[in-house]
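One structure is given here, and the rest of the page talks about it.
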Amino acid sequence: MGALVGALFTVSTPAHAATAAPPVSARGAILINGATGAVLTSKTPDTKRQMASTTKVMTAVVVATSAGLDLNRKVTIKQTYLDYVYREGASSASLKLGATPTVRQLLYAMLLPSGCDAAYALADTFGAGSTTAARRADFISKMNAKARSLGMTNTVYDSFDGISPTGNNLTTPRDLATLTRYAMGNALFQSVVKTTSYSSGGTSTLATWWNTNLLVRARPTGYGYPGAIGVKTGTGTAAGKCLVFSVTRNGKTIIGVLLNDEERYADSMALSNWALGATTSSRNTLRDTDTQRLPDILD
């Protein structure tokens, strides 16, 4: 990953530093300064919890930091990936059997519609070994190694997409914020996660992949929250609703993590308004959520 982009990560103190942060319904939460990593507010930030598809932030990081990365490399979609999605009832990018999307397309397919088929394809491609199982295991070991290198001492991965076979796919708000701050220093990752929609280029039964993060999607299908630039949703039986978000306004950027939060969008906007100051449009957007809740995309 490249160095953090200085112009983007320049938040200092919360706009309402004298005011207590708004309460959130999340079981675990944190809001950090995008420039320094300083904690602005938190709630049980070091308690380990399942993270669902926010796991895919690390999957993308491992791919993006691979030596000799070729984003135009083509990957053949195997029946194994499609069977896995069907068996697990997982979120899907609806990739076609035998299609050959590029690595770049697979990153969009994984991070926008939260495609577990795309995540599997990337793990199988970037893991080492003579079998799919071996390559998948090797990729997950790379995820854990990256976590250790970033000082994420309370994080462990047993999954490339958040569907945990053992229940031991765990992180904390603090660790996930650390990872996200690192990931947002990469221009490709940053560009993907703020994208509203992306053409599948014929590699999927869907013509377009839409971002599951309603903060970045304009009305009427999203909240169109001013300054939202990502990052990733996640939903699971054990994990509940999760959201990693980043907002930039007036040269200031924050990164937030909400784990197991039924009100993830209202909470993310309230925290952002507290930290960055509410614009007229952001106040209106937050007010609208009280009376015009949008159907949540459960991933």
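Within each chain, counting starts at residue 1; across the structure tokens, chains are named A, B, ... in the order shown, with ligands numbered 1 upward in that order.
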Please, which residues in stretch 129-177 of chain A fall within 12 Å of stretch 57-64 of chain A when counting only C-alpha atoms, and what is the closest atom pair and distance in Å to one decimal for each, ordered by chain then residue number, as a tab-separated table?
```
residue	atom	partner	partner_atom	distance
A:Arg136	CA	A:Thr59	CA	11.4
A:Asp138	CA	A:Val62	CA	11.5
A:Phe139	CA	A:Val62	CA	8.2
A:Ile140	CA	A:Thr59	CA	8.4
A:Ser141	CA	A:Val62	CA	10.3
A:Lys142	CA	A:Val62	CA	7.0
A:Met143	CA	A:Val62	CA	6.3
A:Asn144	CA	A:Met58	CA	9.1
A:Ala145	CA	A:Val62	CA	9.6
A:Lys146	CA	A:Val62	CA	7.3
A:Ala147	CA	A:Met58	CA	8.2
A:Arg148	CA	A:Met58	CA	11.9
A:Ser149	CA	A:Val62	CA	11.9
A:Leu150	CA	A:Met58	CA	11.1
A:Met152	CA	A:Met58	CA	11.4
A:Thr155	CA	A:Met58	CA	10.9
A:Val156	CA	A:Met58	CA	11.0
A:Tyr157	CA	A:Met58	CA	9.3
A:Asp158	CA	A:Thr59	CA	11.7
A:Ser159	CA	A:Thr59	CA	9.3
A:Phe160	CA	A:Thr59	CA	6.1
A:Asp161	CA	A:Thr59	CA	7.4
A:Gly162	CA	A:Thr59	CA	9.9
A:Asn169	CA	A:Met58	CA	12.0
A:Thr171	CA	A:Met58	CA	11.2
A:Asp175	CA	A:Met58	CA	11.2
A:Leu176	CA	A:Val57	CA	8.8
A:Ala177	CA	A:Val57	CA	10.5
```
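Relative to atom CA of A:Glu262, atom CA of A:Thr233 is found at 12.3 Å.
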Could you pull out all residues of stretch 32-193 of chain A with a DSSP call of helix (DSSP H, G or I) and give them as an mmCIF file with C-alpha atoms, in the first residue's frame?
```
data_model
loop_
_atom_site.group_PDB
_atom_site.id
_atom_site.type_symbol
_atom_site.label_atom_id
_atom_site.label_comp_id
_atom_site.auth_asym_id
_atom_site.auth_seq_id
_atom_site.Cartn_x
_atom_site.Cartn_y
_atom_site.Cartn_z
ATOM 1 C CA ALA A 52 -19.135 -10.678 8.648
ATOM 2 C CA SER A 53 -18.285 -9.250 5.215
ATOM 3 C CA THR A 54 -16.152 -6.435 6.585
ATOM 4 C CA THR A 55 -13.600 -9.279 6.420
ATOM 5 C CA LYS A 56 -13.358 -8.423 2.732
ATOM 6 C CA VAL A 57 -11.430 -5.254 3.563
ATOM 7 C CA MET A 58 -8.494 -7.501 4.495
ATOM 8 C CA THR A 59 -9.085 -9.748 1.484
ATOM 9 C CA ALA A 60 -8.722 -6.693 -0.736
ATOM 10 C CA VAL A 61 -5.629 -5.521 1.152
ATOM 11 C CA VAL A 62 -3.872 -8.872 0.681
ATOM 12 C CA VAL A 63 -4.613 -8.786 -3.038
ATOM 13 C CA ALA A 64 -3.615 -5.124 -3.413
ATOM 14 C CA GLN A 79 -18.135 -24.175 -10.378
ATOM 15 C CA THR A 80 -16.589 -24.452 -6.903
ATOM 16 C CA TYR A 81 -17.095 -20.736 -6.306
ATOM 17 C CA LEU A 82 -20.720 -20.822 -7.419
ATOM 18 C CA ASP A 83 -21.502 -23.965 -5.429
ATOM 19 C CA TYR A 84 -20.041 -22.342 -2.337
ATOM 20 C CA VAL A 85 -22.277 -19.280 -2.644
ATOM 21 C CA TYR A 86 -25.351 -21.453 -3.176
ATOM 22 C CA ARG A 87 -24.508 -23.777 -0.279
ATOM 23 C CA GLU A 88 -23.829 -20.945 2.165
ATOM 24 C CA VAL A 103 -8.515 -9.034 -10.904
ATOM 25 C CA ARG A 104 -9.664 -5.414 -11.027
ATOM 26 C CA GLN A 105 -13.216 -6.497 -11.872
ATOM 27 C CA LEU A 106 -13.152 -9.076 -9.079
ATOM 28 C CA LEU A 107 -12.214 -6.388 -6.549
ATOM 29 C CA TYR A 108 -15.261 -4.378 -7.588
ATOM 30 C CA ALA A 109 -17.391 -7.548 -7.565
ATOM 31 C CA MET A 110 -16.250 -8.294 -4.017
ATOM 32 C CA LEU A 111 -16.378 -4.809 -2.507
ATOM 33 C CA CYS A 116 -18.468 -14.069 -1.885
ATOM 34 C CA ASP A 117 -17.977 -15.757 -5.252
ATOM 35 C CA ALA A 118 -15.534 -12.974 -6.169
ATOM 36 C CA ALA A 119 -13.783 -13.265 -2.794
ATOM 37 C CA TYR A 120 -13.382 -17.020 -3.314
ATOM 38 C CA ALA A 121 -11.957 -16.442 -6.801
ATOM 39 C CA LEU A 122 -9.403 -13.976 -5.420
ATOM 40 C CA ALA A 123 -8.402 -16.268 -2.543
ATOM 41 C CA ASP A 124 -7.978 -19.191 -4.930
ATOM 42 C CA THR A 125 -5.927 -17.052 -7.304
ATOM 43 C CA PHE A 126 -3.646 -15.357 -4.771
ATOM 44 C CA THR A 132 -8.159 -25.174 -4.028
ATOM 45 C CA ALA A 133 -8.292 -26.025 -0.318
ATOM 46 C CA ALA A 134 -4.564 -25.440 0.064
ATOM 47 C CA ARG A 135 -4.689 -22.143 -1.809
ATOM 48 C CA ARG A 136 -7.650 -20.974 0.256
ATOM 49 C CA ALA A 137 -5.843 -21.855 3.508
ATOM 50 C CA ASP A 138 -2.665 -20.136 2.349
ATOM 51 C CA PHE A 139 -4.582 -16.988 1.476
ATOM 52 C CA ILE A 140 -6.194 -16.887 4.916
ATOM 53 C CA SER A 141 -2.746 -17.304 6.470
ATOM 54 C CA LYS A 142 -1.658 -14.248 4.490
ATOM 55 C CA MET A 143 -4.606 -12.333 5.914
ATOM 56 C CA ASN A 144 -3.516 -13.232 9.435
ATOM 57 C CA ALA A 145 0.100 -12.338 8.695
ATOM 58 C CA LYS A 146 -0.970 -8.935 7.396
ATOM 59 C CA ALA A 147 -3.062 -8.370 10.515
ATOM 60 C CA ARG A 148 -0.036 -9.108 12.697
ATOM 61 C CA SER A 149 2.152 -6.754 10.666
ATOM 62 C CA PRO A 173 -13.509 -1.936 16.326
ATOM 63 C CA ARG A 174 -9.993 -0.630 17.016
ATOM 64 C CA ASP A 175 -8.301 -3.258 14.844
ATOM 65 C CA LEU A 176 -10.748 -2.853 11.987
ATOM 66 C CA ALA A 177 -10.303 0.916 12.045
ATOM 67 C CA THR A 178 -6.518 0.434 11.943
ATOM 68 C CA LEU A 179 -6.891 -1.826 8.911
ATOM 69 C CA THR A 180 -9.260 0.545 7.153
ATOM 70 C CA ARG A 181 -7.007 3.543 7.679
ATOM 71 C CA TYR A 182 -4.204 1.540 6.105
ATOM 72 C CA ALA A 183 -6.401 0.365 3.228
ATOM 73 C CA ALA A 187 -5.600 4.688 -4.354
ATOM 74 C CA LEU A 188 -7.219 1.607 -5.904
ATOM 75 C CA PHE A 189 -8.993 0.534 -2.734
ATOM 76 C CA GLN A 190 -10.104 4.101 -2.057
ATOM 77 C CA SER A 191 -11.495 4.414 -5.576
ATOM 78 C CA VAL A 192 -13.392 1.121 -5.452
ATOM 79 C CA VAL A 193 -15.122 1.559 -2.094
#
```
Report task. May I ask which of the residues A:Ala207, A:Ala270, A:Val244, A:Ala90 is the closest one to A:Ile163, counting only C-alpha atoms? Result -> A:Ala90
Report task. Mind checking which residues fall within 7 Å of A:Thr102, counting only C-alpha atoms, ignoring those fewer than 5 positions away in the same chain, and posting them as a PyMOL selection string? Result -> chain A and resi 71-75
Report summary line: In terms of only C-alpha atoms, the residue from A:Thr196, A:Asn211, A:Thr47, A:Ser268 at minimal distance from A:Pro23 is A:Ser268
Would you mind listing, for every residue of stretch 140-229 of chain A within 7 Å of stretch 275-286 of chain A, the two atoms forming the shortest contact and the distance between them in Å to one decimal, using only C-alpha atoms, sorted by chain and ascending residue number, as JSON lines?
```
{"residue": "A:Tyr223", "atom": "CA", "partner": "A:Thr285", "partner_atom": "CA", "distance": 6.7}
{"residue": "A:Tyr225", "atom": "CA", "partner": "A:Ser282", "partner_atom": "CA", "distance": 6.3}
{"residue": "A:Pro226", "atom": "CA", "partner": "A:Ser282", "partner_atom": "CA", "distance": 5.9}
```
Report summary line: For A:Ile254, the closest of A:Thr36, A:Ser42, A:Thr19, A:Asn168 counting only C-alpha atoms is A:Thr36
Query raised in the report: For A:Ile30, which residue among A:Arg287, A:Lys43, A:Lys194, A:Arg264 is the nearest when counting only C-alpha atoms?
Result: A:Lys43
Give me, as JSON lines, the closest atom pair and its distance (Å, one decimal) for every residue of stretch 38-150 of chain A within a cut-off of 7 Å of stretch 237-241 of chain A, counting only C-alpha atoms, rows sorted by chain and rising number.
```
{"residue": "A:Arg49", "atom": "CA", "partner": "A:Ala239", "partner_atom": "CA", "distance": 6.9}
{"residue": "A:Gln50", "atom": "CA", "partner": "A:Ala239", "partner_atom": "CA", "distance": 4.8}
{"residue": "A:Met51", "atom": "CA", "partner": "A:Ala239", "partner_atom": "CA", "distance": 5.6}
{"residue": "A:Ala52", "atom": "CA", "partner": "A:Ala239", "partner_atom": "CA", "distance": 5.9}
```
Atoms kept (N, CA and C atoms) for selection, written as a compact mmCIF listing (two decimals), in the first residue's frame:
```txt
# COMPACT_ATOMS: atom_id res chain seq x y z
N ARG A 49 -15.30 -9.45 18.26
CA ARG A 49 -16.61 -9.78 17.72
C ARG A 49 -16.46 -10.30 16.29
N GLN A 50 -17.44 -11.07 15.85
CA GLN A 50 -17.45 -11.46 14.44
C GLN A 50 -17.70 -10.23 13.59
N MET A 51 -17.16 -10.26 12.36
CA MET A 51 -17.18 -9.06 11.53
C MET A 51 -17.90 -9.22 10.20
N ALA A 52 -18.41 -10.43 9.90
CA ALA A 52 -19.14 -10.68 8.65
C ALA A 52 -18.31 -10.21 7.45
```
Requested in this report: Give the strand (DSSP E or B) residues of stretch 102-237 of chain A, as assigned by DSSP on the backbone, as a PyMOL selection string.
Outcome: chain A and resi 102+156+170-171+197-199+204+208-210+228-236
Store the residues picked out above in a file with N, CA and C atoms, as an mmCIF file, in the first residue's frame.
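This is the output file selection_37.cif:
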```
data_model
loop_
_atom_site.group_PDB
_atom_site.id
_atom_site.type_symbol
_atom_site.label_atom_id
_atom_site.label_comp_id
_atom_site.auth_asym_id
_atom_site.auth_seq_id
_atom_site.Cartn_x
_atom_site.Cartn_y
_atom_site.Cartn_z
ATOM 1 N N THR A 102 -11.245 -9.791 -14.836
ATOM 2 C CA THR A 102 -9.898 -9.414 -14.407
ATOM 3 C C THR A 102 -9.865 -9.304 -12.881
ATOM 4 N N VAL A 156 -8.319 -12.278 14.266
ATOM 5 C CA VAL A 156 -7.959 -13.554 13.672
ATOM 6 C C VAL A 156 -8.968 -13.862 12.565
ATOM 7 N N LEU A 170 -12.657 -13.153 13.958
ATOM 8 C CA LEU A 170 -12.930 -12.126 14.956
ATOM 9 C C LEU A 170 -12.041 -10.894 14.798
ATOM 10 N N THR A 171 -12.607 -9.755 15.138
ATOM 11 C CA THR A 171 -11.847 -8.509 15.182
ATOM 12 C C THR A 171 -12.417 -7.616 16.257
ATOM 13 N N SER A 197 -21.648 2.362 -8.495
ATOM 14 C CA SER A 197 -21.973 1.217 -9.344
ATOM 15 C C SER A 197 -20.853 0.995 -10.353
ATOM 16 N N TYR A 198 -20.806 -0.243 -10.860
ATOM 17 C CA TYR A 198 -19.724 -0.607 -11.774
ATOM 18 C C TYR A 198 -20.232 -1.680 -12.724
ATOM 19 N N SER A 199 -19.926 -1.532 -13.998
ATOM 20 C CA SER A 199 -20.363 -2.505 -14.992
ATOM 21 C C SER A 199 -19.653 -3.839 -14.796
ATOM 22 N N SER A 204 -21.005 -11.322 -15.336
ATOM 23 C CA SER A 204 -22.030 -11.654 -14.349
ATOM 24 C C SER A 204 -23.401 -11.684 -15.020
ATOM 25 N N THR A 208 -24.854 -4.660 -13.854
ATOM 26 C CA THR A 208 -24.200 -3.658 -13.018
ATOM 27 C C THR A 208 -24.095 -4.161 -11.584
ATOM 28 N N TRP A 209 -22.964 -3.920 -10.971
ATOM 29 C CA TRP A 209 -22.802 -4.191 -9.553
ATOM 30 C C TRP A 209 -23.025 -2.893 -8.791
ATOM 31 N N TRP A 210 -23.917 -2.935 -7.803
ATOM 32 C CA TRP A 210 -24.226 -1.762 -6.992
ATOM 33 C C TRP A 210 -23.611 -1.893 -5.604
ATOM 34 N N ALA A 228 -19.472 11.030 2.068
ATOM 35 C CA ALA A 228 -19.217 9.601 2.289
ATOM 36 C C ALA A 228 -18.335 9.048 1.184
ATOM 37 N N ILE A 229 -17.256 8.340 1.566
ATOM 38 C CA ILE A 229 -16.309 7.791 0.588
ATOM 39 C C ILE A 229 -16.060 6.303 0.822
ATOM 40 N N GLY A 230 -17.006 5.602 1.394
ATOM 41 C CA GLY A 230 -16.881 4.158 1.621
ATOM 42 C C GLY A 230 -17.340 3.810 3.022
ATOM 43 N N VAL A 231 -17.190 2.546 3.495
ATOM 44 C CA VAL A 231 -16.140 1.656 3.025
ATOM 45 C C VAL A 231 -16.706 0.260 2.767
ATOM 46 N N LYS A 232 -17.340 -0.391 3.774
ATOM 47 C CA LYS A 232 -17.808 -1.771 3.591
ATOM 48 C C LYS A 232 -18.877 -2.132 4.606
ATOM 49 N N THR A 233 -19.878 -2.845 4.101
ATOM 50 C CA THR A 233 -20.933 -3.389 4.948
ATOM 51 C C THR A 233 -20.633 -4.840 5.314
ATOM 52 N N GLY A 234 -21.394 -5.344 6.270
ATOM 53 C CA GLY A 234 -21.325 -6.761 6.620
ATOM 54 C C GLY A 234 -22.526 -7.121 7.466
ATOM 55 N N THR A 235 -23.086 -8.288 7.222
ATOM 56 C CA THR A 235 -24.222 -8.754 8.017
ATOM 57 C C THR A 235 -24.120 -10.249 8.204
ATOM 58 N N GLY A 236 -24.347 -10.712 9.422
ATOM 59 C CA GLY A 236 -24.321 -12.140 9.694
ATOM 60 C C GLY A 236 -25.146 -12.456 10.925
#
```
Query raised in the report: For A:Gly202, which residue among A:Lys48, A:Arg27, A:Lys96, A:Lys78 is the nearest when counting only C-alpha atoms?
Result: A:Lys96
